[in-house]
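Data file: work.cif. Format and content: mmCIF, C-alpha atoms.
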data_run
#
loop_
_atom_site.label_atom_id
_atom_site.label_comp_id
_atom_site.auth_asym_id
_atom_site.auth_seq_id
_atom_site.Cartn_x
_atom_site.Cartn_y
_atom_site.Cartn_z
CA MET A 1 62.04 121.76 170.61
CA MET A 2 59.93 118.80 171.75
CA LYS A 3 61.44 116.41 174.29
CA ASP A 4 60.39 112.84 175.03
CA LEU A 5 61.07 112.26 178.73
CA THR A 6 60.41 108.51 178.49
CA GLN A 7 63.75 107.74 176.84
CA GLY A 8 67.15 107.95 178.56
CA SER A 9 68.56 108.54 182.04
CA PRO A 10 65.89 110.01 184.38
CA MET A 11 68.44 112.24 186.14
CA LYS A 12 69.74 113.69 182.86
CA LEU A 13 66.22 114.17 181.52
CA ILE A 14 65.05 115.89 184.70
CA LEU A 15 68.04 118.24 184.63
CA SER A 16 67.80 119.03 180.91
CA PHE A 17 64.07 119.71 181.14
CA GLY A 18 64.10 121.28 184.60
CA ILE A 19 66.91 123.83 184.19
CA PRO A 20 65.01 125.89 181.59
CA VAL A 21 61.90 125.60 183.79
CA LEU A 22 63.97 126.86 186.73
CA LEU A 23 65.11 129.86 184.70
CA GLY A 24 61.49 130.52 183.88
CA TYR A 25 60.48 130.53 187.54
CA LEU A 26 63.42 132.75 188.40
CA PHE A 27 62.39 135.32 185.84
CA GLN A 28 58.76 134.99 186.90
CA GLN A 29 59.86 135.80 190.44
CA LEU A 30 61.75 138.72 188.97
CA TYR A 31 58.43 140.31 188.04
CA SER A 32 57.43 140.45 191.69
CA VAL A 33 60.90 141.09 193.03
CA VAL A 34 61.59 144.08 190.77
CA ASP A 35 58.22 145.57 191.72
CA THR A 36 58.96 145.06 195.40
CA ALA A 37 62.54 146.31 195.26
CA ILE A 38 61.65 149.48 193.35
CA VAL A 39 58.60 150.09 195.54
CA GLY A 40 60.59 149.53 198.76
CA LYS A 41 63.60 151.57 197.71
CA THR A 42 61.77 154.50 196.08
CA LEU A 43 58.36 154.70 197.73
CA GLY A 44 59.34 153.57 201.24
CA GLY A 45 58.35 150.98 203.82
CA ALA A 46 54.63 151.85 203.85
CA ALA A 47 54.32 151.20 200.11
CA LEU A 48 56.28 147.97 200.51
CA ALA A 49 53.91 146.88 203.26
CA ALA A 50 50.92 147.72 201.03
CA VAL A 51 52.22 145.47 198.26
CA GLY A 52 53.28 142.78 200.73
CA SER A 53 49.94 142.73 202.52
CA THR A 54 48.33 141.50 199.29
CA GLY A 55 50.84 138.68 198.75
CA SER A 56 48.70 135.85 200.08
CA ILE A 57 45.61 137.14 198.27
CA ASN A 58 47.65 137.37 195.09
CA PHE A 59 48.80 133.77 195.59
CA LEU A 60 45.23 132.66 196.27
CA VAL A 61 43.86 133.97 192.97
CA VAL A 62 46.86 133.82 190.63
CA GLY A 63 47.79 130.41 192.07
CA PHE A 64 44.31 129.14 191.24
CA CYS A 65 44.83 130.33 187.67
CA CYS A 66 48.27 128.68 187.42
CA GLY A 67 46.98 125.45 188.94
CA ILE A 68 44.07 125.14 186.52
CA CYS A 69 46.30 125.78 183.53
CA GLY A 70 48.93 123.32 184.76
CA GLY A 71 46.30 120.66 185.38
CA MET A 72 44.72 121.07 181.96
CA ALA A 73 48.12 120.52 180.37
CA ILE A 74 48.43 117.04 181.93
CA PRO A 75 46.05 115.28 179.46
CA VAL A 76 48.05 116.91 176.67
CA ALA A 77 51.27 115.44 178.10
CA GLN A 78 49.61 112.02 178.44
CA GLN A 79 48.40 112.08 174.83
CA PHE A 80 51.85 113.18 173.68
CA GLY A 81 53.39 110.26 175.55
CA ALA A 82 50.87 107.92 173.92
CA GLY A 83 51.61 109.38 170.46
CA ASN A 84 47.95 110.39 169.86
CA ASP A 85 48.25 113.76 168.11
CA ARG A 86 44.57 114.22 167.28
CA GLU A 87 43.44 113.75 170.88
CA LEU A 88 46.28 116.04 171.99
CA ARG A 89 44.96 118.87 169.79
CA ARG A 90 41.37 118.41 170.96
CA TYR A 91 42.37 118.50 174.60
CA MET A 92 44.28 121.70 173.86
CA THR A 93 41.34 123.44 172.13
CA ASN A 94 38.83 122.41 174.78
CA GLY A 95 41.28 123.76 177.32
CA VAL A 96 41.13 127.11 175.50
CA TRP A 97 37.32 127.19 175.91
CA LEU A 98 37.64 126.45 179.61
CA CYS A 99 40.29 129.15 180.10
CA LEU A 100 38.02 131.71 178.44
CA LEU A 101 35.05 130.72 180.61
CA ILE A 102 36.84 130.42 183.95
CA GLY A 103 39.07 133.44 183.28
CA THR A 104 36.10 135.71 182.62
CA VAL A 105 34.24 134.62 185.76
CA LEU A 106 37.34 134.85 187.97
CA THR A 107 38.38 138.28 186.70
CA LEU A 108 34.95 139.87 187.18
CA SER A 109 34.36 138.35 190.61
CA THR A 110 37.77 139.23 192.09
CA VAL A 111 37.64 142.82 190.87
CA PHE A 112 34.11 143.21 192.28
CA PHE A 113 34.94 141.71 195.70
CA CYS A 114 38.46 143.13 196.02
CA LYS A 115 37.67 145.63 198.81
CA ALA A 116 35.74 143.03 200.77
CA ILE A 117 38.73 140.67 200.57
CA LEU A 118 41.16 143.31 201.84
CA THR A 119 38.83 144.15 204.71
CA ALA A 120 38.43 140.48 205.63
CA THR A 121 42.22 140.05 205.84
CA HIS A 122 42.56 142.97 208.28
CA THR A 123 44.67 145.13 205.97
CA PRO A 124 45.97 148.04 208.10
CA GLU A 125 44.18 151.34 207.43
CA ASP A 126 47.39 153.24 206.73
CA ILE A 127 48.19 151.04 203.72
CA TYR A 128 44.64 150.04 202.67
CA GLU A 129 44.26 152.39 199.71
CA ARG A 130 47.61 151.52 198.18
CA ALA A 131 47.00 147.80 198.71
CA TYR A 132 43.67 148.10 196.90
CA PHE A 133 45.08 149.86 193.84
CA TYR A 134 47.87 147.30 193.57
CA ILE A 135 45.85 144.11 193.86
CA VAL A 136 42.77 145.23 191.89
CA THR A 137 45.10 145.96 188.94
CA ILE A 138 46.53 142.44 189.20
CA PHE A 139 43.01 140.99 189.32
CA ALA A 140 41.93 142.98 186.27
CA GLY A 141 44.94 141.53 184.43
CA LEU A 142 44.13 137.88 185.15
CA PRO A 143 43.46 137.11 181.44
CA ALA A 144 47.17 137.76 180.83
CA TYR A 145 48.04 135.16 183.49
CA PHE A 146 45.69 132.61 181.92
CA LEU A 147 47.18 133.25 178.48
CA TYR A 148 50.76 132.74 179.58
CA ASN A 149 50.24 129.80 181.94
CA PHE A 150 48.06 127.79 179.58
CA ALA A 151 50.30 128.41 176.55
CA ALA A 152 53.42 127.61 178.59
CA GLY A 153 51.74 124.46 179.97
CA ILE A 154 51.01 123.20 176.45
CA LEU A 155 54.60 123.78 175.36
CA ARG A 156 56.01 122.02 178.44
CA SER A 157 53.69 119.07 177.82
CA LEU A 158 55.52 118.57 174.54
CA GLY A 159 58.84 118.75 176.34
CA ASP A 160 59.55 122.34 175.24
CA SER A 161 60.64 124.00 178.46
CA ARG A 162 62.77 126.63 176.71
CA THR A 163 60.25 128.79 174.86
CA PRO A 164 58.40 129.89 178.03
CA VAL A 165 61.76 130.88 179.53
CA VAL A 166 62.82 132.94 176.52
CA TRP A 167 59.63 134.96 176.65
CA LEU A 168 59.82 135.41 180.41
CA ILE A 169 63.32 136.82 179.99
CA VAL A 170 62.04 139.29 177.42
CA ALA A 171 59.06 140.13 179.60
CA SER A 172 61.26 140.60 182.67
CA VAL A 173 63.41 143.17 180.89
CA VAL A 174 60.27 144.97 179.72
CA ASN A 175 58.91 144.81 183.26
CA VAL A 176 62.00 146.54 184.68
CA VAL A 177 61.77 149.31 182.09
CA LEU A 178 58.04 149.80 182.66
CA ASP A 179 58.54 149.86 186.45
CA ILE A 180 61.04 152.67 186.13
CA VAL A 181 58.88 154.59 183.66
CA PHE A 182 55.58 154.18 185.52
CA ILE A 183 56.90 154.69 189.06
CA LEU A 184 59.81 157.11 188.68
CA THR A 185 58.74 159.06 185.59
CA PHE A 186 54.94 159.08 185.65
CA ARG A 187 54.66 158.80 189.47
CA LEU A 188 51.97 156.11 189.29
CA ASP A 189 52.96 154.72 192.71
CA VAL A 190 52.03 151.04 193.38
CA PHE A 191 49.50 151.04 190.52
CA GLY A 192 52.42 151.50 188.11
CA ALA A 193 54.20 148.45 189.54
CA ALA A 194 51.10 146.27 189.14
CA PHE A 195 50.33 147.57 185.65
CA ALA A 196 53.91 146.88 184.53
CA THR A 197 53.58 143.29 185.79
CA VAL A 198 50.32 142.69 183.92
CA LEU A 199 51.62 144.11 180.65
CA SER A 200 54.81 142.04 180.88
CA GLN A 201 52.85 138.86 181.62
CA ALA A 202 50.66 139.51 178.57
CA LEU A 203 53.77 139.91 176.41
CA ALA A 204 55.12 136.53 177.59
CA GLY A 205 51.75 134.92 176.87
CA VAL A 206 51.57 136.29 173.34
CA GLY A 207 55.10 135.07 172.64
CA CYS A 208 54.25 131.53 173.74
CA LEU A 209 51.02 131.63 171.73
CA VAL A 210 52.90 132.57 168.58
CA ARG A 211 55.25 129.62 169.15
CA ILE A 212 52.26 127.26 169.46
CA LEU A 213 50.66 128.59 166.28
CA ARG A 214 53.81 128.59 164.17
CA GLY A 215 56.31 126.21 165.73
CA TYR A 216 54.68 122.77 165.99
CA PRO A 217 52.81 121.07 163.11
CA ILE A 218 51.16 118.59 165.52
CA LEU A 219 49.38 121.54 167.16
CA LYS A 220 47.88 122.83 163.91
CA THR A 221 44.12 122.59 164.30
CA ASP A 222 41.12 122.46 161.97
CA ARG A 223 37.47 123.36 162.57
CA ALA A 224 36.60 119.90 163.90
CA ASP A 225 39.26 120.21 166.62
CA TRP A 226 37.43 123.22 168.09
CA ARG A 227 34.22 121.39 168.96
CA TRP A 228 33.17 121.56 172.61
CA GLU A 229 33.45 117.93 173.78
CA GLY A 230 31.78 117.12 177.07
CA ARG A 231 34.01 114.16 177.87
CA LYS A 232 37.19 116.13 177.31
CA ILE A 233 35.84 119.12 179.24
CA LYS A 234 35.08 116.76 182.11
CA ASN A 235 38.59 115.25 182.03
CA LEU A 236 40.17 118.70 181.86
CA CYS A 237 38.10 119.84 184.84
CA LEU A 238 39.02 116.69 186.77
CA MET A 239 42.69 117.52 186.19
CA GLY A 240 42.63 121.32 186.30
CA LEU A 241 40.17 122.22 189.04
CA PRO A 242 41.77 120.07 191.77
CA MET A 243 45.15 121.62 190.98
CA GLY A 244 43.63 125.08 191.05
CA PHE A 245 41.86 124.36 194.33
CA GLN A 246 45.07 122.89 195.70
CA TYR A 247 46.82 126.23 195.18
CA SER A 248 43.84 128.10 196.60
CA ILE A 249 43.48 125.84 199.63
CA THR A 250 47.17 126.29 200.36
CA ALA A 251 46.76 130.02 199.85
CA ILE A 252 43.82 130.18 202.27
CA GLY A 253 46.22 129.04 204.98
CA CYS A 254 48.62 131.76 203.85
CA VAL A 255 45.81 134.31 204.02
CA MET A 256 45.13 133.23 207.62
CA ILE A 257 48.77 133.79 208.49
CA GLN A 258 48.81 137.10 206.60
CA ALA A 259 45.77 138.30 208.54
CA ALA A 260 47.47 137.33 211.82
CA VAL A 261 50.66 139.18 210.80
CA ASN A 262 48.59 142.19 209.68
CA ASP A 263 47.17 142.35 213.20
CA LEU A 264 50.72 142.61 214.57
CA GLY A 265 51.20 145.87 212.65
CA THR A 266 52.91 147.39 209.63
CA VAL A 267 56.42 146.75 211.00
CA TYR A 268 55.89 142.98 210.98
CA VAL A 269 54.15 143.09 207.59
CA THR A 270 57.18 144.85 206.11
CA ALA A 271 59.65 142.35 207.60
CA VAL A 272 57.63 139.36 206.38
CA THR A 273 57.31 140.92 202.93
CA ALA A 274 61.08 141.31 202.58
CA ALA A 275 61.82 137.79 203.84
CA GLY A 276 59.04 136.38 201.68
CA LYS A 277 60.54 137.86 198.53
CA VAL A 278 63.94 136.33 199.31
CA SER A 279 62.32 132.98 200.06
CA GLY A 280 60.32 133.19 196.83
CA PHE A 281 63.56 133.34 194.87
CA LEU A 282 65.19 130.55 196.87
CA CYS A 283 62.14 128.31 196.35
CA CYS A 284 62.25 128.53 192.55
CA PRO A 285 64.21 125.24 192.17
CA PHE A 286 61.46 123.42 194.07
CA ASP A 287 58.81 124.91 191.78
CA ALA A 288 60.87 123.80 188.77
CA MET A 289 61.20 120.28 190.18
CA GLY A 290 57.44 120.13 190.63
CA SER A 291 56.65 121.26 187.08
CA THR A 292 59.24 118.86 185.69
CA MET A 293 57.79 115.89 187.58
CA ALA A 294 54.25 116.72 186.43
CA THR A 295 55.35 116.47 182.79
CA TYR A 296 57.56 113.46 183.56
CA GLY A 297 54.66 111.65 185.22
CA GLY A 298 52.17 112.53 182.48
CA GLN A 299 54.37 111.36 179.60
CA HIS A 300 55.32 108.11 181.34
CA VAL A 301 51.74 107.20 182.25
CA GLY A 302 50.70 107.93 178.65
CA ALA A 303 53.51 105.72 177.36
CA GLY A 304 52.77 102.96 179.91
CA LYS A 305 56.35 103.05 181.30
CA LEU A 306 55.44 102.86 184.96
CA GLU A 307 58.72 101.34 186.13
CA ARG A 308 60.51 104.63 185.35
CA LEU A 309 58.28 106.69 187.66
CA SER A 310 60.11 105.65 190.84
CA GLN A 311 63.47 106.09 189.11
CA GLY A 312 62.59 109.68 188.30
CA LEU A 313 61.26 110.26 191.81
CA ARG A 314 64.52 109.08 193.41
CA SER A 315 66.61 111.26 191.10
CA CYS A 316 64.57 114.38 191.80
CA VAL A 317 64.53 113.79 195.58
CA LEU A 318 68.34 113.68 195.55
CA LEU A 319 68.40 116.98 193.69
CA GLY A 320 65.99 118.46 196.23
CA LEU A 321 68.10 117.34 199.17
CA GLY A 322 71.31 118.75 197.68
CA TYR A 323 69.78 122.12 196.89
CA SER A 324 68.12 122.37 200.34
CA LEU A 325 71.52 122.12 202.00
CA VAL A 326 73.04 124.71 199.66
CA ALA A 327 70.16 127.13 200.30
CA LEU A 328 70.56 126.77 204.07
CA VAL A 329 74.27 127.57 203.93
CA LEU A 330 73.69 130.60 201.69
CA THR A 331 70.97 131.92 203.99
CA LEU A 332 73.10 131.51 207.12
CA LEU A 333 75.85 133.53 205.43
CA PHE A 334 73.86 136.18 203.57
CA ALA A 335 70.40 136.56 205.18
CA ASP A 336 70.82 140.25 206.04
CA PRO A 337 72.20 141.43 202.66
CA LEU A 338 69.46 139.50 200.86
CA ASN A 339 66.72 141.04 202.98
CA MET A 340 68.20 144.51 202.48
CA LEU A 341 67.53 144.18 198.75
CA PHE A 342 63.91 144.94 199.63
CA LEU A 343 64.28 147.31 202.57
CA ASP A 344 65.30 150.95 202.53
CA GLU A 345 67.74 152.34 205.10
CA ALA A 346 64.91 153.61 207.27
CA SER A 347 63.61 150.03 207.57
CA ALA A 348 67.00 148.45 208.36
CA SER A 349 65.96 148.05 212.00
CA LEU A 350 63.59 145.30 210.83
CA LEU A 351 66.44 143.00 209.78
CA PRO A 352 66.28 140.77 212.91
CA LEU A 353 62.59 140.05 212.24
CA ALA A 354 63.16 139.40 208.54
CA ARG A 355 66.15 137.14 209.31
CA GLN A 356 64.13 135.12 211.84
CA HIS A 357 61.33 134.53 209.36
CA LEU A 358 63.66 133.60 206.50
CA LEU A 359 65.83 131.16 208.49
CA ALA A 360 62.81 129.42 210.02
CA ASN A 361 61.56 128.63 206.52
CA VAL A 362 64.86 127.73 204.83
CA ALA A 363 65.69 125.24 207.60
CA PHE A 364 62.70 123.18 206.42
CA TYR A 365 63.33 123.35 202.69
CA PHE A 366 63.80 119.60 202.24
CA PRO A 367 60.22 118.87 203.40
CA LEU A 368 59.15 121.57 200.92
CA ALA A 369 61.12 119.81 198.18
CA LEU A 370 59.26 116.58 198.91
CA VAL A 371 55.92 118.39 198.83
CA ASN A 372 56.55 119.79 195.35
CA ILE A 373 58.19 116.72 193.85
CA ILE A 374 55.68 114.14 195.07
CA ARG A 375 52.56 116.27 194.74
CA PHE A 376 53.21 117.24 191.15
CA LEU A 377 54.29 113.72 190.21
CA ILE A 378 50.98 112.42 191.59
CA GLN A 379 49.16 115.02 189.53
CA GLY A 380 51.01 114.01 186.38
CA MET A 381 50.15 110.38 187.09
CA GLY A 382 46.47 111.37 186.96
CA PHE A 383 45.50 111.67 190.64
CA PRO A 384 45.07 115.43 191.25
CA PRO A 385 42.38 115.03 193.98
CA LEU A 386 44.96 113.40 196.27
CA ALA A 387 47.28 116.33 195.71
CA THR A 388 44.41 118.61 196.73
CA VAL A 389 44.05 116.70 200.00
CA ALA A 390 47.70 117.53 200.72
CA GLY A 391 46.75 121.19 200.31
CA ILE A 392 44.06 120.73 202.95
CA PHE A 393 46.72 119.43 205.36
CA GLU A 394 48.84 122.51 204.62
CA MET A 395 45.87 124.82 205.21
CA ALA A 396 45.09 123.12 208.52
CA ALA A 397 48.67 123.55 209.75
CA ARG A 398 48.85 127.21 208.75
CA GLY A 399 45.41 127.89 210.20
CA GLY A 400 46.41 126.29 213.50
CA LEU A 401 49.59 128.37 213.71
CA ALA A 402 47.65 131.52 212.77
CA MET A 403 45.47 131.02 215.85
CA LEU A 404 48.63 130.81 217.97
CA VAL A 405 50.07 134.12 216.72
CA PRO A 406 48.11 136.20 219.29
CA ILE A 407 49.52 133.93 222.02
CA PHE A 408 53.10 133.28 220.92
CA GLY A 409 53.57 136.28 218.65
CA PHE A 410 55.75 136.54 215.57
CA SER A 411 57.52 133.20 216.16
CA ALA A 412 54.31 131.28 215.51
CA ALA A 413 53.97 132.99 212.13
CA CYS A 414 57.57 132.10 211.25
CA PHE A 415 56.98 128.36 211.64
CA ALA A 416 53.57 128.21 209.96
CA SER A 417 54.85 127.16 206.52
CA PRO A 418 57.37 124.59 207.86
CA ALA A 419 54.57 122.95 209.85
CA ALA A 420 52.42 122.89 206.70
CA TRP A 421 55.13 121.21 204.63
CA VAL A 422 55.83 118.50 207.19
CA LEU A 423 52.14 117.69 207.62
CA ALA A 424 51.62 117.53 203.83
CA ASP A 425 54.55 115.11 203.47
CA LEU A 426 53.02 112.76 206.03
CA PHE A 427 50.12 112.37 203.60
CA LEU A 428 51.92 112.59 200.25
CA ILE A 429 54.58 109.93 200.76
CA PRO A 430 52.15 107.04 201.34
CA ALA A 431 49.79 108.57 198.74
CA TYR A 432 52.45 108.15 196.03
CA PHE A 433 52.81 104.43 196.71
CA HIS A 434 49.02 104.07 196.67
CA CYS A 435 48.82 105.79 193.26
CA TYR A 436 51.70 103.75 191.85
CA LYS A 437 50.09 100.49 192.94
CA LYS A 438 46.76 101.56 191.46
CA LEU A 439 48.39 102.35 188.11
CA GLN A 440 50.14 98.98 188.10
CA LEU A 441 46.84 97.15 188.66
CA ARG A 442 45.17 99.21 185.95
CA HIS A 443 48.00 98.52 183.52
CA GLN A 444 47.88 94.79 184.27
CA ALA A 445 44.13 94.72 183.68
CA VAL A 446 44.50 96.44 180.30
CA SER A 447 47.32 94.06 179.30
CA ALA A 448 45.20 91.04 180.22
CA GLN A 449 42.40 92.20 177.92
CA MET A 450 44.69 92.56 174.91
#
Spit out the file's structure as structure tokens when you get a sec.
Amino acid sequence: MMKDLTQGSPMKLILSFGIPVLLGYLFQQLYSVVDTAIVGKTLGGAALAAVGSTGSINFLVVGFCCGICGGMAIPVAQQFGAGNDRELRRYMTNGVWLCLLIGTVLTLSTVFFCKAILTATHTPEDIYERAYFYIVTIFAGLPAYFLYNFAAGILRSLGDSRTPVVWLIVASVVNVVLDIVFILTFRLDVFGAAFATVLSQALAGVGCLVRILRGYPILKTDRADWRWEGRKIKNLCLMGLPMGFQYSITAIGCVMIQAAVNDLGTVYVTAVTAAGKVSGFLCCPFDAMGSTMATYGGQHVGAGKLERLSQGLRSCVLLGLGYSLVALVLTLLFADPLNMLFLDEASASLLPLARQHLLANVAFYFPLALVNIIRFLIQGMGFPPLATVAGIFEMAARGGLAMLVPIFGFSAACFASPAAWVLADLFLIPAYFHCYKKLQLRHQAVSAQM
């Protein structure tokens, strides 16, 4: 069902749109979490470390894919807000051409350079082979990630945040079954976990694609809609590539930290992996807030309702603050049981390290909320390069802390992400007001010419 976010109470609209998006992110995390839990519980700490050692590389590449697809959906949201169905369809079809082109290049290059990447990140020798088989399978399955994320982005641009969730739920159930079959029955080790994830992601993508083809008359295309249009390709690249690079730039900082943790040894890699999986689940509401504000910003700019942008921002910031406090309380009470979801009994001695890493991050969740809310709103407003600059600030903070790990040890790694979030906020908050003022001036100039 399509949803116009430009009509009604911003808080109610953000909640009604964002809750299905949140469920989607939760089930998307479930892909990774089920893999990790089954690997950790059945294959042991070394296998868990192998999967965990690829986490930042995974985020670097898959995040680039998600960012591009999310960015290319913004012009679709803007055209939907403006009520221009023909332009909406042509942005969608040109986005398909770009996904095919970029997806092919990215898949081939990452598979080819996979071993070089693992070597560059100092992957420990005792887990190197397993890490390779896991991440090269994910890289080979990148077309499935492009399919799902682009199709889901198009649906969310129309205000349909439910269909992507439904298919992620289905895919998550399939993923659990395939994990059990591939790992426990066929003994495919970490390759089975990765292969199950790719197949499940492809299923979710096909489901969303079917909904696009059959569910919305305004998305029905003809031959003319499929022409390669240079101007639209340029606009899609201006929106999509900065968002993709933003994820990758942020991930480069994470790779620096991962390399520093890898140098500390497999014990620390295992602890960070467990805490990272817990944090990934706890961060899902912030991801949902970001996706919601991207669509909210895009539709409102397309409709010319600029005065509602700040109203939506205030509402979402309040939600972020409230959830940050709840997450902190839950972590203080249940950090050890949550970390034990991903550790076997033999690895229980790592709980103090995992708890330290998790609490250091959760204590700074409100700055993370601001990063997601403001950055994605700026992107939806049509200023993705500024959001990319925020990623550079994050990378600089993580890189600086990574250089301190050999001096201060594990504690420096624990506070790398909090430092990144705070530094990004120092840029993003004034950047929002700059973008808002620029849109106001642009809107006034257009009104004066009419």
Residue neighbourhood A:Lys234, 12 Å, all atoms listed in the file, exclusion window fewer than 5 positions, as a ChimeraX atom specification = /A:72,75,91,94-95,98,228-229,239-241
I need the chosen residues saved as a tab-separated table (two decimals), keeping the file's coordinate frame, with C-alpha atoms.
chain	number	residue	atom	x	y	z
A	72	MET	CA	44.72	121.07	181.96
A	75	PRO	CA	46.05	115.28	179.46
A	91	TYR	CA	42.37	118.50	174.60
A	94	ASN	CA	38.83	122.41	174.78
A	95	GLY	CA	41.28	123.76	177.32
A	98	LEU	CA	37.64	126.45	179.61
A	228	TRP	CA	33.17	121.56	172.61
A	229	GLU	CA	33.45	117.93	173.78
A	239	MET	CA	42.69	117.52	186.19
A	240	GLY	CA	42.63	121.32	186.30
A	241	LEU	CA	40.17	122.22	189.04
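Proximity of A:Gly380, A:Asn84, A:Val422, A:Val61 to A:Ser109, computed with only C-alpha atoms, is greatest for A:Val61.
Coordinates place atom CA of A:Pro217 at a distance of 13.7 Å from atom CA of A:Met92.
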ask   = Given the file above and the PyMOL selection byres ((chain A and resi 85-90) around 12), which residues are selected, and can you give them as a VMD selection string?
value = chain A and resid 72 to 84 91 to 97 154 to 155 157 to 158 212 to 213 216 to 233 235 to 236 302
If you keep C-alpha atoms, can you produce a file of those selected residues as an mmCIF file, in the coordinates of the input?
data_model
loop_
_atom_site.group_PDB
_atom_site.id
_atom_site.type_symbol
_atom_site.label_atom_id
_atom_site.label_comp_id
_atom_site.auth_asym_id
_atom_site.auth_seq_id
_atom_site.Cartn_x
_atom_site.Cartn_y
_atom_site.Cartn_z
ATOM 1 C CA MET A 72 44.720 121.070 181.960
ATOM 2 C CA ALA A 73 48.120 120.520 180.370
ATOM 3 C CA ILE A 74 48.430 117.040 181.930
ATOM 4 C CA PRO A 75 46.050 115.280 179.460
ATOM 5 C CA VAL A 76 48.050 116.910 176.670
ATOM 6 C CA ALA A 77 51.270 115.440 178.100
ATOM 7 C CA GLN A 78 49.610 112.020 178.440
ATOM 8 C CA GLN A 79 48.400 112.080 174.830
ATOM 9 C CA PHE A 80 51.850 113.180 173.680
ATOM 10 C CA GLY A 81 53.390 110.260 175.550
ATOM 11 C CA ALA A 82 50.870 107.920 173.920
ATOM 12 C CA GLY A 83 51.610 109.380 170.460
ATOM 13 C CA ASN A 84 47.950 110.390 169.860
ATOM 14 C CA TYR A 91 42.370 118.500 174.600
ATOM 15 C CA MET A 92 44.280 121.700 173.860
ATOM 16 C CA THR A 93 41.340 123.440 172.130
ATOM 17 C CA ASN A 94 38.830 122.410 174.780
ATOM 18 C CA GLY A 95 41.280 123.760 177.320
ATOM 19 C CA VAL A 96 41.130 127.110 175.500
ATOM 20 C CA TRP A 97 37.320 127.190 175.910
ATOM 21 C CA ILE A 154 51.010 123.200 176.450
ATOM 22 C CA LEU A 155 54.600 123.780 175.360
ATOM 23 C CA SER A 157 53.690 119.070 177.820
ATOM 24 C CA LEU A 158 55.520 118.570 174.540
ATOM 25 C CA ILE A 212 52.260 127.260 169.460
ATOM 26 C CA LEU A 213 50.660 128.590 166.280
ATOM 27 C CA TYR A 216 54.680 122.770 165.990
ATOM 28 C CA PRO A 217 52.810 121.070 163.110
ATOM 29 C CA ILE A 218 51.160 118.590 165.520
ATOM 30 C CA LEU A 219 49.380 121.540 167.160
ATOM 31 C CA LYS A 220 47.880 122.830 163.910
ATOM 32 C CA THR A 221 44.120 122.590 164.300
ATOM 33 C CA ASP A 222 41.120 122.460 161.970
ATOM 34 C CA ARG A 223 37.470 123.360 162.570
ATOM 35 C CA ALA A 224 36.600 119.900 163.900
ATOM 36 C CA ASP A 225 39.260 120.210 166.620
ATOM 37 C CA TRP A 226 37.430 123.220 168.090
ATOM 38 C CA ARG A 227 34.220 121.390 168.960
ATOM 39 C CA TRP A 228 33.170 121.560 172.610
ATOM 40 C CA GLU A 229 33.450 117.930 173.780
ATOM 41 C CA GLY A 230 31.780 117.120 177.070
ATOM 42 C CA ARG A 231 34.010 114.160 177.870
ATOM 43 C CA LYS A 232 37.190 116.130 177.310
ATOM 44 C CA ILE A 233 35.840 119.120 179.240
ATOM 45 C CA ASN A 235 38.590 115.250 182.030
ATOM 46 C CA LEU A 236 40.170 118.700 181.860
ATOM 47 C CA GLY A 302 50.700 107.930 178.650
#
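Among the candidate residues A:Leu199, A:Ala259, A:Ala354, A:Ala431, the one lying nearest to A:Val389 is A:Ala431, with distances computed using only C-alpha atoms.
For the file at hand, the PyMOL selection byres ((chain A and resi 395-408) around 7) resolves to Ile249, Thr250, Ile252, Gly253, Cys254, Met256, Ile257, Ala260, Gly391, Ile392, Phe393, Glu394, Gly409, Phe410, Ser411, Ala412, Ala413, Ala416, Ser417, Ala419 and Ala420 of chain A.
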task = For stretch 291-300 of chain A, list every protein, DNA or RNA residue within 10 Å, evaluated using all atoms listed in the file, and leave out those in the same chain fewer than 6 positions away; present the list as an MDAnalysis selection string.
result = chainID A and resid 4:7 10 13:22 70:71 73:83 153 156:159 161 285 306:310 312:313 316 372:382
request  = Determine, counting only C-alpha atoms, which protein, DNA and RNA residues have an atom within 8 Å of an atom of stretch 129-136 of chain A; residues of the same chain fewer than 2 positions away are not included. Present the result as a PyMOL selection string.
outcome  = chain A and resi 47+50-51+53-54+58+110-111+114-115+118+125-127+138-140+190-191+193-194
Against stretch 325-330 of chain A, which residues of stretch 235-295 of chain A fall within 10 Å? For each one I want the closest pair of atoms and the distance in Å (one decimal), counting all atoms listed in the file, rows by chain and increasing residue number, as JSON lines.
{"residue": "A:Ser279", "atom": "CA", "partner": "A:Ala327", "partner_atom": "CA", "distance": 9.8}
{"residue": "A:Leu282", "atom": "CA", "partner": "A:Ala327", "partner_atom": "CA", "distance": 6.9}
{"residue": "A:Cys283", "atom": "CA", "partner": "A:Ala327", "partner_atom": "CA", "distance": 9.0}
Assuming 4 Å of padding per side, give the centre and edge lengths of the axis-aligned box around every listed atom of stretch 429-443 of chain A, in Å to one decimal and as AutoDock Vina command-line options.
--center_x 49.9 --center_y 103.5 --center_z 192.4 --size_x 17.4 --size_y 20.8 --size_z 25.8
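Nearest residue to A:Pro352 among A:Ala275, A:Arg314, A:Met11, A:Pro143 is A:Ala275, counting only C-alpha atoms.
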task = May I have the residues within 12 Å of A:Gln356 as a ChimeraX atom specification, using all atoms listed in the file and disregarding those fewer than 6 positions away in the same chain?
result = /A:268,271-272,274-276,331-332,335-336,339,350,362-363,410-415
request  = Decode the PyMOL selection byres ((chain A and resi 200-207) around 9) for the given file into explicit residues and return them as a PyMOL selection string.
outcome  = chain A and resi 28+31+141+143-152+163-175+178+195-199+208-212
